[in-house]
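A.B. asks: protein.cif is reproduced in full below (mmCIF, C-alpha atoms).
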data_final
loop_
_atom_site.group_PDB
_atom_site.id
_atom_site.type_symbol
_atom_site.label_atom_id
_atom_site.label_comp_id
_atom_site.auth_asym_id
_atom_site.auth_seq_id
_atom_site.Cartn_x
_atom_site.Cartn_y
_atom_site.Cartn_z
ATOM 1 C CA THR H 1 13.536 -15.420 -3.265
ATOM 2 C CA ASP H 2 13.625 -16.556 -6.884
ATOM 3 C CA PHE H 3 12.128 -14.747 -9.837
ATOM 4 C CA ILE H 4 10.893 -16.638 -12.864
ATOM 5 C CA MET H 5 10.895 -14.858 -16.197
ATOM 6 C CA VAL H 6 8.747 -16.337 -18.923
ATOM 7 C CA GLY H 7 8.311 -15.539 -22.594
ATOM 8 C CA GLY H 8 6.644 -12.142 -22.891
ATOM 9 C CA LEU H 9 5.452 -13.019 -26.390
ATOM 10 C CA SER H 10 4.218 -16.509 -25.555
ATOM 11 C CA GLY H 11 0.763 -17.721 -24.682
ATOM 12 C CA SER H 12 -0.142 -18.803 -21.167
ATOM 13 C CA ALA H 13 0.092 -22.522 -21.956
ATOM 14 C CA GLN H 14 3.713 -22.236 -23.115
ATOM 15 C CA ASN H 15 4.583 -20.018 -20.160
ATOM 16 C CA ALA H 16 3.013 -22.537 -17.762
ATOM 17 C CA ASP H 17 5.512 -25.068 -19.117
ATOM 18 C CA GLN H 18 8.346 -22.595 -18.493
ATOM 19 C CA ILE H 19 7.163 -22.011 -14.916
ATOM 20 C CA LEU H 20 7.148 -25.744 -14.201
ATOM 21 C CA GLU H 21 10.604 -26.103 -15.732
ATOM 22 C CA ALA H 22 11.975 -23.150 -13.737
ATOM 23 C CA ILE H 23 10.902 -24.505 -10.347
ATOM 24 C CA ALA H 24 11.793 -28.129 -11.029
ATOM 25 C CA ASP H 25 15.145 -27.831 -9.257
ATOM 26 C CA ILE H 26 13.924 -25.816 -6.277
ATOM 27 C CA SER H 27 14.111 -27.984 -3.193
ATOM 28 C CA LEU H 28 11.778 -27.205 -0.336
ATOM 29 C CA ALA H 29 12.247 -28.019 3.313
ATOM 30 C CA PRO H 30 9.594 -30.244 4.896
ATOM 31 C CA GLY H 31 6.391 -28.214 5.297
ATOM 32 C CA GLU H 32 7.701 -25.403 3.092
ATOM 33 C CA LYS H 33 5.640 -24.331 0.063
ATOM 34 C CA LEU H 34 5.932 -21.958 -2.857
ATOM 35 C CA VAL H 35 4.196 -18.589 -3.178
ATOM 36 C CA PHE H 36 3.751 -17.159 -6.664
ATOM 37 C CA ILE H 37 3.232 -13.484 -7.370
ATOM 38 C CA GLY H 38 1.955 -12.903 -10.879
ATOM 39 C CA TYR H 39 1.766 -9.431 -12.387
ATOM 40 C CA SER H 40 -0.452 -8.708 -15.403
ATOM 41 C CA LYS H 41 -0.165 -11.615 -17.868
ATOM 42 C CA GLY H 42 2.097 -13.395 -15.398
ATOM 43 C CA ALA H 43 -0.970 -13.955 -13.210
ATOM 44 C CA THR H 44 -2.699 -15.715 -16.078
ATOM 45 C CA ASP H 45 0.395 -17.820 -16.736
ATOM 46 C CA VAL H 46 0.660 -18.900 -13.085
ATOM 47 C CA LEU H 47 -3.025 -19.871 -12.913
ATOM 48 C CA GLU H 48 -2.582 -21.920 -16.080
ATOM 49 C CA ALA H 49 0.411 -23.678 -14.487
ATOM 50 C CA MET H 50 -1.584 -24.464 -11.314
ATOM 51 C CA VAL H 51 -4.288 -26.182 -13.360
ATOM 52 C CA ARG H 52 -1.985 -28.002 -15.793
ATOM 53 C CA TYR H 53 0.460 -29.378 -13.247
ATOM 54 C CA THR H 54 -0.879 -30.947 -10.065
ATOM 55 C CA GLU H 55 2.683 -31.559 -8.836
ATOM 56 C CA LEU H 56 3.186 -27.797 -8.926
ATOM 57 C CA SER H 57 -0.093 -26.938 -7.206
ATOM 58 C CA ARG H 58 0.689 -29.462 -4.450
ATOM 59 C CA ARG H 59 3.955 -27.583 -3.779
ATOM 60 C CA THR H 60 2.216 -24.186 -3.730
ATOM 61 C CA ALA H 61 0.681 -22.415 -0.732
ATOM 62 C CA ALA H 62 -0.626 -19.324 -2.520
ATOM 63 C CA VAL H 63 -0.889 -17.322 -5.702
ATOM 64 C CA VAL H 64 -1.038 -13.532 -5.420
ATOM 65 C CA THR H 65 -2.094 -11.645 -8.534
ATOM 66 C CA LEU H 66 -1.187 -7.988 -9.112
ATOM 67 C CA ALA H 67 -3.238 -6.238 -11.798
ATOM 68 C CA GLY H 68 -3.712 -9.692 -13.290
ATOM 69 C CA VAL H 69 -5.458 -10.170 -16.600
ATOM 70 C CA ILE H 70 -7.566 -12.947 -15.079
ATOM 71 C CA SER H 71 -10.759 -12.598 -17.136
ATOM 72 C CA GLY H 72 -9.034 -11.097 -20.145
ATOM 73 C CA THR H 73 -9.072 -7.546 -21.377
ATOM 74 C CA PRO H 74 -10.907 -5.792 -24.193
ATOM 75 C CA ILE H 75 -7.506 -4.314 -25.126
ATOM 76 C CA ALA H 76 -6.403 -7.772 -26.359
ATOM 77 C CA ASP H 77 -9.658 -8.482 -28.166
ATOM 78 C CA ASP H 78 -8.814 -6.438 -31.224
ATOM 79 C CA VAL H 79 -5.049 -6.018 -31.374
ATOM 80 C CA PRO H 80 -4.150 -5.336 -35.001
ATOM 81 C CA VAL H 81 -1.747 -7.756 -36.668
ATOM 82 C CA VAL H 82 0.660 -4.874 -37.279
ATOM 83 C CA LEU H 83 0.886 -4.213 -33.529
ATOM 84 C CA LYS H 84 1.606 -7.893 -32.859
ATOM 85 C CA LYS H 85 4.429 -7.746 -35.425
ATOM 86 C CA LEU H 86 5.716 -4.518 -33.879
ATOM 87 C CA ALA H 87 5.815 -6.180 -30.444
ATOM 88 C CA ASP H 88 7.879 -9.005 -31.922
ATOM 89 C CA LEU H 89 10.375 -6.463 -33.291
ATOM 90 C CA VAL H 90 10.519 -4.285 -30.168
ATOM 91 C CA PHE H 91 11.066 -7.218 -27.813
ATOM 92 C CA GLU H 92 13.341 -9.254 -30.081
ATOM 93 C CA GLY H 93 16.392 -10.250 -28.066
ATOM 94 C CA LYS H 94 14.921 -8.770 -24.861
ATOM 95 C CA CYS H 95 12.392 -11.538 -24.128
ATOM 96 C CA PRO H 96 12.645 -15.243 -24.727
ATOM 97 C CA PRO H 97 11.146 -15.970 -28.145
ATOM 98 C CA GLY H 98 7.514 -16.939 -28.057
ATOM 99 C CA GLU H 99 5.024 -18.543 -30.328
ATOM 100 C CA GLY H 100 3.082 -15.306 -30.853
ATOM 101 C CA ARG H 101 0.102 -16.114 -28.626
ATOM 102 C CA ALA H 102 0.614 -13.444 -25.936
ATOM 103 C CA PHE H 103 -2.178 -11.141 -27.091
ATOM 104 C CA ASP H 104 -4.549 -13.973 -27.984
ATOM 105 C CA SER H 105 -4.136 -15.581 -24.588
ATOM 106 C CA LEU H 106 -5.303 -12.325 -22.945
ATOM 107 C CA SER H 107 -8.515 -11.911 -24.919
ATOM 108 C CA ARG H 108 -11.725 -11.922 -22.911
ATOM 109 C CA HIS H 109 -13.067 -14.765 -25.046
ATOM 110 C CA GLU H 110 -10.073 -17.018 -24.401
ATOM 111 C CA ARG H 111 -9.721 -16.181 -20.698
ATOM 112 C CA LEU H 112 -13.424 -16.568 -19.902
ATOM 113 C CA ASN H 113 -13.583 -19.863 -21.815
ATOM 114 C CA TRP H 114 -10.492 -21.055 -19.950
ATOM 115 C CA LEU H 115 -11.935 -20.060 -16.557
ATOM 116 C CA SER H 116 -15.225 -21.825 -17.279
ATOM 117 C CA ALA H 117 -13.476 -25.001 -18.479
ATOM 118 C CA ASN H 118 -10.874 -25.228 -15.706
ATOM 119 C CA ARG H 119 -11.199 -25.468 -11.961
ATOM 120 C CA LEU H 120 -8.427 -23.894 -9.942
ATOM 121 C CA PRO H 121 -6.908 -26.357 -7.442
ATOM 122 C CA ASP H 122 -8.526 -25.836 -4.050
ATOM 123 C CA THR H 123 -5.277 -26.758 -2.269
ATOM 124 C CA VAL H 124 -3.886 -23.342 -3.241
ATOM 125 C CA ARG H 125 -5.012 -20.017 -1.779
ATOM 126 C CA TYR H 126 -5.654 -17.198 -4.257
ATOM 127 C CA TYR H 127 -5.340 -13.464 -3.577
ATOM 128 C CA SER H 128 -5.939 -10.522 -5.900
ATOM 129 C CA LEU H 129 -4.697 -6.976 -5.796
ATOM 130 C CA ALA H 130 -6.304 -4.968 -8.597
ATOM 131 C CA ALA H 131 -5.888 -1.358 -9.666
ATOM 132 C CA PHE H 132 -7.800 1.550 -11.084
ATOM 133 C CA THR H 133 -7.418 5.299 -11.055
ATOM 134 C CA ASN H 134 -8.758 8.417 -12.733
ATOM 135 C CA ARG H 135 -7.526 9.622 -16.103
ATOM 136 C CA GLU H 136 -5.288 12.317 -14.595
ATOM 137 C CA ASN H 137 -3.241 9.610 -12.821
ATOM 138 C CA ILE H 138 -2.723 7.531 -15.962
ATOM 139 C CA SER H 139 0.688 7.768 -17.642
ATOM 140 C CA LEU H 140 0.439 9.747 -20.870
ATOM 141 C CA ILE H 141 1.441 6.782 -23.013
ATOM 142 C CA LEU H 142 -1.320 4.647 -21.449
ATOM 143 C CA ARG H 143 -4.135 7.175 -21.809
ATOM 144 C CA PRO H 144 -5.399 5.898 -25.187
ATOM 145 C CA SER H 145 -5.930 2.399 -23.768
ATOM 146 C CA TYR H 146 -7.454 3.885 -20.595
ATOM 147 C CA ASP H 147 -9.896 5.865 -22.757
ATOM 148 C CA LYS H 148 -10.774 2.751 -24.737
ATOM 149 C CA LEU H 149 -11.386 0.724 -21.565
ATOM 150 C CA SER H 150 -13.376 3.595 -20.054
ATOM 151 C CA LEU H 151 -16.030 2.902 -22.679
ATOM 152 C CA VAL H 152 -16.466 -0.466 -20.928
ATOM 153 C CA ASP H 153 -15.838 0.744 -17.370
ATOM 154 C CA PRO H 154 -14.012 3.843 -16.087
ATOM 155 C CA LEU H 155 -12.631 1.810 -13.173
ATOM 156 C CA ASN H 156 -9.577 0.492 -14.996
ATOM 157 C CA ASP H 157 -5.798 0.744 -14.834
ATOM 158 C CA SER H 158 -5.372 1.347 -18.603
ATOM 159 C CA GLN H 159 -4.981 -2.354 -19.389
ATOM 160 C CA VAL H 160 -7.508 -4.203 -17.210
ATOM 161 C CA VAL H 161 -10.978 -3.360 -15.922
ATOM 162 C CA PHE H 162 -10.958 -3.728 -12.130
ATOM 163 C CA HIS H 163 -13.278 -6.747 -11.958
ATOM 164 C CA ASP H 164 -11.334 -8.627 -14.646
ATOM 165 C CA ALA H 165 -8.297 -8.613 -12.333
ATOM 166 C CA LEU H 166 -9.945 -10.759 -9.659
ATOM 167 C CA VAL H 167 -9.382 -14.502 -9.285
ATOM 168 C CA PRO H 168 -12.788 -16.213 -9.002
ATOM 169 C CA GLY H 169 -13.182 -17.615 -5.497
ATOM 170 C CA GLY H 170 -10.056 -15.814 -4.317
ATOM 171 C CA VAL H 171 -9.581 -13.175 -1.648
ATOM 172 C CA LEU H 172 -9.576 -9.517 -2.676
ATOM 173 C CA LEU H 173 -6.656 -7.814 -0.955
ATOM 174 C CA GLY H 174 -7.621 -4.374 -2.211
ATOM 175 C CA TYR H 175 -7.387 -1.867 -5.023
ATOM 176 C CA LEU H 176 -4.393 0.290 -5.822
ATOM 177 C CA ASN H 177 -4.908 3.869 -6.980
ATOM 178 C CA ALA H 178 -2.478 3.444 -9.879
ATOM 179 C CA ASP H 179 -2.198 2.725 -13.569
ATOM 180 C CA HIS H 180 -1.057 -0.658 -14.844
ATOM 181 C CA TRP H 181 2.614 0.249 -15.147
ATOM 182 C CA ALA H 182 2.732 2.058 -11.803
ATOM 183 C CA VAL H 183 1.646 -1.188 -10.145
ATOM 184 C CA ALA H 184 4.778 -2.835 -11.534
ATOM 185 C CA MET H 185 6.957 -0.032 -10.267
#
What is this structure when it is put down as structure tokens?

C.D. replies:
Amino acid sequence: TDFIMVGGLSGSAQNADQILEAIADISLAPGEKLVFIGYSKGATDVLEAMVRYTELSRRTAAVVTLAGVISGTPIADDVPVVLKKLADLVFEGKCPPGEGRAFDSLSRHERLNWLSANRLPDTVRYYSLAAFTNRENISLILRPSYDKLSLVDPLNDSQVVFHDALVPGGVLLGYLNADHWAVAM
């Protein structure tokens, strides 16, 4: 099992390049294929890689998304510039440097435009595991974003509304009763 870490502050296009680069040296036995598990923005990055690189999608059996930001999130639609700068400072030296497109690449506008302009390769199977819970089960630090998303839909995990975590045409594996960070844990 190999784990691929991509730039947490980079947009999905740049991270798709990093995914391709990271698996370039992985040799597969005859009939063996890759399975990608993408959490949160990582799901978006993997889908972008599947579309951009046919050689990668041909080597892939499945993509499983966990609380993926597939159709974007209202949280990313109006991130203040100061918060973007703060993220750069907080993650400096902890994440590979990015080009500052992480938040933009998660906006509903960008994700929905991308989904409508790109067809996911039908040689790959897609599975989604989304999450939502009630406010009492949301981590204290995530409650403000949960409250904001609850104005759109109370069925959210504090970062993504449940239906925005589903890959179009994919198989729904289920919903976790958890907040966004608990899914990662």

A.B. asks: Once the PyMOL selection byres ((chain H and resi 20) around 12) has been applied to the shown file, what residues remain in the selection, as JSON, numbers by chain?

C.D. replies: {"H": [4, 5, 6, 13, 14, 15, 16, 17, 18, 19, 21, 22, 23, 24, 25, 26, 36, 45, 46, 47, 48, 49, 50, 51, 52, 53, 54, 55, 56, 57, 59, 60]}

A.B. asks: Of the candidates H:Ala178, H:Ala76, H:Leu172, H:Ala67, which shows the shortest atom-to-atom distance to Tyr126 of chain H, using all atoms listed in the file?

C.D. replies: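 For Tyr126 of chain H, the nearest of the given residues is H:Leu172.
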
A.B. asks: Nearest to Ser158 of chain H among H:Ala43, H:Ile75, H:Ala62, H:Leu173, with distances taken over all atoms listed in the file: which residue is it?

C.D. replies: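 Closest to Ser158 of chain H, using all atoms listed in the file: H:Ile75.
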
A.B. asks: Quick one: pull the distance between atom CA of Leu34 of chain H and atom CA of His180 of chain H, Å, one decimal.

C.D. replies: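 Value for the atom CA of Leu34 of chain H-atom CA of His180 of chain H distance: 25.4 Å.
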
A.B. asks: Run the PyMOL selection byres ((chain H and resi 167) around 12) against the file shown and list the residues it catches, as a PyMOL selection string.

C.D. replies: chain H and resi 38+43-44+46-47+63-72+111-112+115+119-120+125-130+162-166+168-173

A.B. asks: Could you state the separation of atom CA of Thr133 of chain H and atom CA of Pro154 of chain H in Å, given to one decimal place?

C.D. replies: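 Atom CA of Thr133 of chain H sits 8.4 Å away from atom CA of Pro154 of chain H.
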
A.B. asks: Translate the PyMOL selection byres ((chain H and resi 148) around 12), as applied to the file shown, into an explicit residue set as a ChimeraX atom specification.

C.D. replies: /H:73-78,135,142-147,149-161

A.B. asks: When you count all atoms listed in the file, which of these residues is closest to Lys41 of chain H: H:Asp104, H:Arg58, H:Ser12, H:Ser116?

C.D. replies: H:Ser12

A.B. asks: What is the atom CA of Gly174 of chain H-atom CA of Asn134 of chain H distance in Å, reported with one decimal?

C.D. replies: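 Interatomic distance, atom CA of Gly174 of chain H to atom CA of Asn134 of chain H: 16.6 Å.
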
A.B. asks: Between H:Ser27, H:Ala61, H:Ile37, H:Ala184, which is the closest to Asp122 of chain H once you count only C-alpha atoms?

C.D. replies: H:Ala61

A.B. asks: Kindly write segment 41-173 of chain H with C-alpha atoms to a file, as a PDB file, in the first residue's frame.

C.D. replies:
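To be explicit, this is the file written out as result15.pdb:
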ATOM      1  CA  LYS H  41      -9.956  17.715  -1.582  1.00  0.00           C
ATOM      2  CA  GLY H  42      -7.915  14.622  -2.391  1.00  0.00           C
ATOM      3  CA  ALA H  43     -11.025  13.174  -4.043  1.00  0.00           C
ATOM      4  CA  THR H  44     -11.219  16.185  -6.326  1.00  0.00           C
ATOM      5  CA  ASP H  45      -7.518  15.891  -7.133  1.00  0.00           C
ATOM      6  CA  VAL H  46      -7.822  12.193  -8.031  1.00  0.00           C
ATOM      7  CA  LEU H  47     -10.828  12.801 -10.299  1.00  0.00           C
ATOM      8  CA  GLU H  48      -8.891  15.562 -12.044  1.00  0.00           C
ATOM      9  CA  ALA H  49      -5.978  13.147 -12.563  1.00  0.00           C
ATOM     10  CA  MET H  50      -8.296  10.473 -14.026  1.00  0.00           C
ATOM     11  CA  VAL H  51      -9.588  12.922 -16.629  1.00  0.00           C
ATOM     12  CA  ARG H  52      -6.249  14.558 -17.470  1.00  0.00           C
ATOM     13  CA  TYR H  53      -4.207  11.387 -17.836  1.00  0.00           C
ATOM     14  CA  THR H  54      -5.657   8.474 -19.782  1.00  0.00           C
ATOM     15  CA  GLU H  55      -2.551   6.388 -19.026  1.00  0.00           C
ATOM     16  CA  LEU H  56      -3.424   6.719 -15.346  1.00  0.00           C
ATOM     17  CA  SER H  57      -7.114   5.910 -15.761  1.00  0.00           C
ATOM     18  CA  ARG H  58      -6.209   2.818 -17.809  1.00  0.00           C
ATOM     19  CA  ARG H  59      -4.119   1.581 -14.850  1.00  0.00           C
ATOM     20  CA  THR H  60      -6.910   2.270 -12.341  1.00  0.00           C
ATOM     21  CA  ALA H  61      -9.686  -0.097 -11.259  1.00  0.00           C
ATOM     22  CA  ALA H  62     -11.513   2.237  -8.877  1.00  0.00           C
ATOM     23  CA  VAL H  63     -11.657   5.569  -7.123  1.00  0.00           C
ATOM     24  CA  VAL H  64     -13.220   5.698  -3.658  1.00  0.00           C
ATOM     25  CA  THR H  65     -14.052   9.139  -2.305  1.00  0.00           C
ATOM     26  CA  LEU H  66     -14.401   9.837   1.427  1.00  0.00           C
ATOM     27  CA  ALA H  67     -16.186  13.086   2.285  1.00  0.00           C
ATOM     28  CA  GLY H  68     -14.996  14.308  -1.102  1.00  0.00           C
ATOM     29  CA  VAL H  69     -15.551  17.874  -2.200  1.00  0.00           C
ATOM     30  CA  ILE H  70     -16.837  16.632  -5.558  1.00  0.00           C
ATOM     31  CA  SER H  71     -19.307  19.406  -6.423  1.00  0.00           C
ATOM     32  CA  GLY H  72     -17.529  22.055  -4.396  1.00  0.00           C
ATOM     33  CA  THR H  73     -18.522  23.597  -1.115  1.00  0.00           C
ATOM     34  CA  PRO H  74     -20.083  26.922  -0.173  1.00  0.00           C
ATOM     35  CA  ILE H  75     -17.320  27.166   2.459  1.00  0.00           C
ATOM     36  CA  ALA H  76     -14.777  27.766  -0.346  1.00  0.00           C
ATOM     37  CA  ASP H  77     -16.986  30.211  -2.217  1.00  0.00           C
ATOM     38  CA  ASP H  78     -16.183  33.166  -0.013  1.00  0.00           C
ATOM     39  CA  VAL H  79     -12.913  32.466   1.774  1.00  0.00           C
ATOM     40  CA  PRO H  80     -11.427  35.828   2.732  1.00  0.00           C
ATOM     41  CA  VAL H  81      -7.977  36.640   1.373  1.00  0.00           C
ATOM     42  CA  VAL H  82      -6.692  36.943   4.941  1.00  0.00           C
ATOM     43  CA  LEU H  83      -7.679  33.326   5.647  1.00  0.00           C
ATOM     44  CA  LYS H  84      -5.885  32.155   2.498  1.00  0.00           C
ATOM     45  CA  LYS H  85      -2.750  33.986   3.676  1.00  0.00           C
ATOM     46  CA  LEU H  86      -3.142  32.498   7.155  1.00  0.00           C
ATOM     47  CA  ALA H  87      -3.332  28.993   5.655  1.00  0.00           C
ATOM     48  CA  ASP H  88      -0.090  29.664   3.794  1.00  0.00           C
ATOM     49  CA  LEU H  89       1.589  30.646   7.078  1.00  0.00           C
ATOM     50  CA  VAL H  90       0.145  27.802   9.161  1.00  0.00           C
ATOM     51  CA  PHE H  91       1.088  25.113   6.645  1.00  0.00           C
ATOM     52  CA  GLU H  92       4.438  26.574   5.594  1.00  0.00           C
ATOM     53  CA  GLY H  93       7.022  23.812   5.805  1.00  0.00           C
ATOM     54  CA  LYS H  94       4.356  21.201   6.640  1.00  0.00           C
ATOM     55  CA  CYS H  95       2.889  20.820   3.134  1.00  0.00           C
ATOM     56  CA  PRO H  96       4.596  20.983  -0.215  1.00  0.00           C
ATOM     57  CA  PRO H  97       4.379  24.571  -1.453  1.00  0.00           C
ATOM     58  CA  GLY H  98       1.441  25.248  -3.700  1.00  0.00           C
ATOM     59  CA  GLU H  99       0.356  27.876  -6.119  1.00  0.00           C
ATOM     60  CA  GLY H 100      -2.414  29.153  -3.834  1.00  0.00           C
ATOM     61  CA  ARG H 101      -5.368  27.623  -5.685  1.00  0.00           C
ATOM     62  CA  ALA H 102      -6.549  25.158  -3.009  1.00  0.00           C
ATOM     63  CA  PHE H 103      -9.588  27.154  -1.909  1.00  0.00           C
ATOM     64  CA  ASP H 104     -10.477  28.303  -5.420  1.00  0.00           C
ATOM     65  CA  SER H 105     -10.393  24.767  -6.753  1.00  0.00           C
ATOM     66  CA  LEU H 106     -13.026  23.766  -4.158  1.00  0.00           C
ATOM     67  CA  SER H 107     -15.558  26.471  -4.970  1.00  0.00           C
ATOM     68  CA  ARG H 108     -18.948  25.284  -6.166  1.00  0.00           C
ATOM     69  CA  HIS H 109     -18.592  27.391  -9.309  1.00  0.00           C
ATOM     70  CA  GLU H 110     -15.259  25.845 -10.290  1.00  0.00           C
ATOM     71  CA  ARG H 111     -16.185  22.262  -9.374  1.00  0.00           C
ATOM     72  CA  LEU H 112     -19.575  22.326 -11.104  1.00  0.00           C
ATOM     73  CA  ASN H 113     -18.051  23.896 -14.228  1.00  0.00           C
ATOM     74  CA  TRP H 114     -15.322  21.250 -14.184  1.00  0.00           C
ATOM     75  CA  LEU H 115     -17.837  18.404 -13.788  1.00  0.00           C
ATOM     76  CA  SER H 116     -19.977  19.707 -16.648  1.00  0.00           C
ATOM     77  CA  ALA H 117     -16.964  20.150 -18.952  1.00  0.00           C
ATOM     78  CA  ASN H 118     -15.250  16.833 -18.191  1.00  0.00           C
ATOM     79  CA  ARG H 119     -16.409  13.265 -18.526  1.00  0.00           C
ATOM     80  CA  LEU H 120     -14.996  10.811 -16.032  1.00  0.00           C
ATOM     81  CA  PRO H 121     -13.385   7.799 -17.750  1.00  0.00           C
ATOM     82  CA  ASP H 122     -15.888   4.949 -17.859  1.00  0.00           C
ATOM     83  CA  THR H 123     -13.091   2.374 -17.506  1.00  0.00           C
ATOM     84  CA  VAL H 124     -12.818   3.315 -13.820  1.00  0.00           C
ATOM     85  CA  ARG H 125     -15.393   2.487 -11.147  1.00  0.00           C
ATOM     86  CA  TYR H 126     -16.349   5.306  -8.773  1.00  0.00           C
ATOM     87  CA  TYR H 127     -17.578   4.934  -5.186  1.00  0.00           C
ATOM     88  CA  SER H 128     -18.579   7.606  -2.682  1.00  0.00           C
ATOM     89  CA  LEU H 129     -18.760   7.554   1.072  1.00  0.00           C
ATOM     90  CA  ALA H 130     -20.210  10.835   2.334  1.00  0.00           C
ATOM     91  CA  ALA H 131     -20.858  12.118   5.839  1.00  0.00           C
ATOM     92  CA  PHE H 132     -23.256  14.221   7.827  1.00  0.00           C
ATOM     93  CA  THR H 133     -24.264  14.463  11.450  1.00  0.00           C
ATOM     94  CA  ASN H 134     -26.158  16.702  13.845  1.00  0.00           C
ATOM     95  CA  ARG H 135     -24.625  19.788  15.413  1.00  0.00           C
ATOM     96  CA  GLU H 136     -23.963  18.062  18.750  1.00  0.00           C
ATOM     97  CA  ASN H 137     -21.606  15.603  16.999  1.00  0.00           C
ATOM     98  CA  ILE H 138     -19.597  18.319  15.254  1.00  0.00           C
ATOM     99  CA  SER H 139     -16.191  19.163  16.735  1.00  0.00           C
ATOM    100  CA  LEU H 140     -16.303  22.535  18.473  1.00  0.00           C
ATOM    101  CA  ILE H 141     -13.795  24.086  16.087  1.00  0.00           C
ATOM    102  CA  LEU H 142     -15.908  23.017  13.084  1.00  0.00           C
ATOM    103  CA  ARG H 143     -19.251  24.272  14.386  1.00  0.00           C
ATOM    104  CA  PRO H 144     -19.070  27.714  12.723  1.00  0.00           C
ATOM    105  CA  SER H 145     -18.654  26.129   9.280  1.00  0.00           C
ATOM    106  CA  TYR H 146     -21.363  23.562  10.102  1.00  0.00           C
ATOM    107  CA  ASP H 147     -23.716  26.418  11.030  1.00  0.00           C
ATOM    108  CA  LYS H 148     -22.886  28.240   7.809  1.00  0.00           C
ATOM    109  CA  LEU H 149     -23.516  25.121   5.706  1.00  0.00           C
ATOM    110  CA  SER H 150     -26.716  24.405   7.637  1.00  0.00           C
ATOM    111  CA  LEU H 151     -28.185  27.501   6.003  1.00  0.00           C
ATOM    112  CA  VAL H 152     -27.815  25.586   2.718  1.00  0.00           C
ATOM    113  CA  ASP H 153     -28.589  22.114   4.082  1.00  0.00           C
ATOM    114  CA  PRO H 154     -28.385  20.742   7.640  1.00  0.00           C
ATOM    115  CA  LEU H 155     -27.158  17.403   6.271  1.00  0.00           C
ATOM    116  CA  ASN H 156     -23.479  18.320   6.176  1.00  0.00           C
ATOM    117  CA  ASP H 157     -20.215  17.297   7.812  1.00  0.00           C
ATOM    118  CA  SER H 158     -19.090  20.901   8.521  1.00  0.00           C
ATOM    119  CA  GLN H 159     -17.213  21.212   5.229  1.00  0.00           C
ATOM    120  CA  VAL H 160     -19.375  19.521   2.579  1.00  0.00           C
ATOM    121  CA  VAL H 161     -23.122  19.174   2.078  1.00  0.00           C
ATOM    122  CA  PHE H 162     -23.937  15.467   1.752  1.00  0.00           C
ATOM    123  CA  HIS H 163     -24.983  15.556  -1.912  1.00  0.00           C
ATOM    124  CA  ASP H 164     -21.880  17.516  -2.943  1.00  0.00           C
ATOM    125  CA  ALA H 165     -19.744  14.566  -1.799  1.00  0.00           C
ATOM    126  CA  LEU H 166     -21.136  12.161  -4.396  1.00  0.00           C
ATOM    127  CA  VAL H 167     -19.385  11.306  -7.663  1.00  0.00           C
ATOM    128  CA  PRO H 168     -21.904  11.669 -10.515  1.00  0.00           C
ATOM    129  CA  GLY H 169     -22.647   8.237 -11.955  1.00  0.00           C
ATOM    130  CA  GLY H 170     -20.785   6.534  -9.120  1.00  0.00           C
ATOM    131  CA  VAL H 171     -21.982   4.095  -6.487  1.00  0.00           C
ATOM    132  CA  LEU H 172     -23.026   5.440  -3.091  1.00  0.00           C
ATOM    133  CA  LEU H 173     -21.451   3.253  -0.422  1.00  0.00           C
TER     134      LEU H 173
END
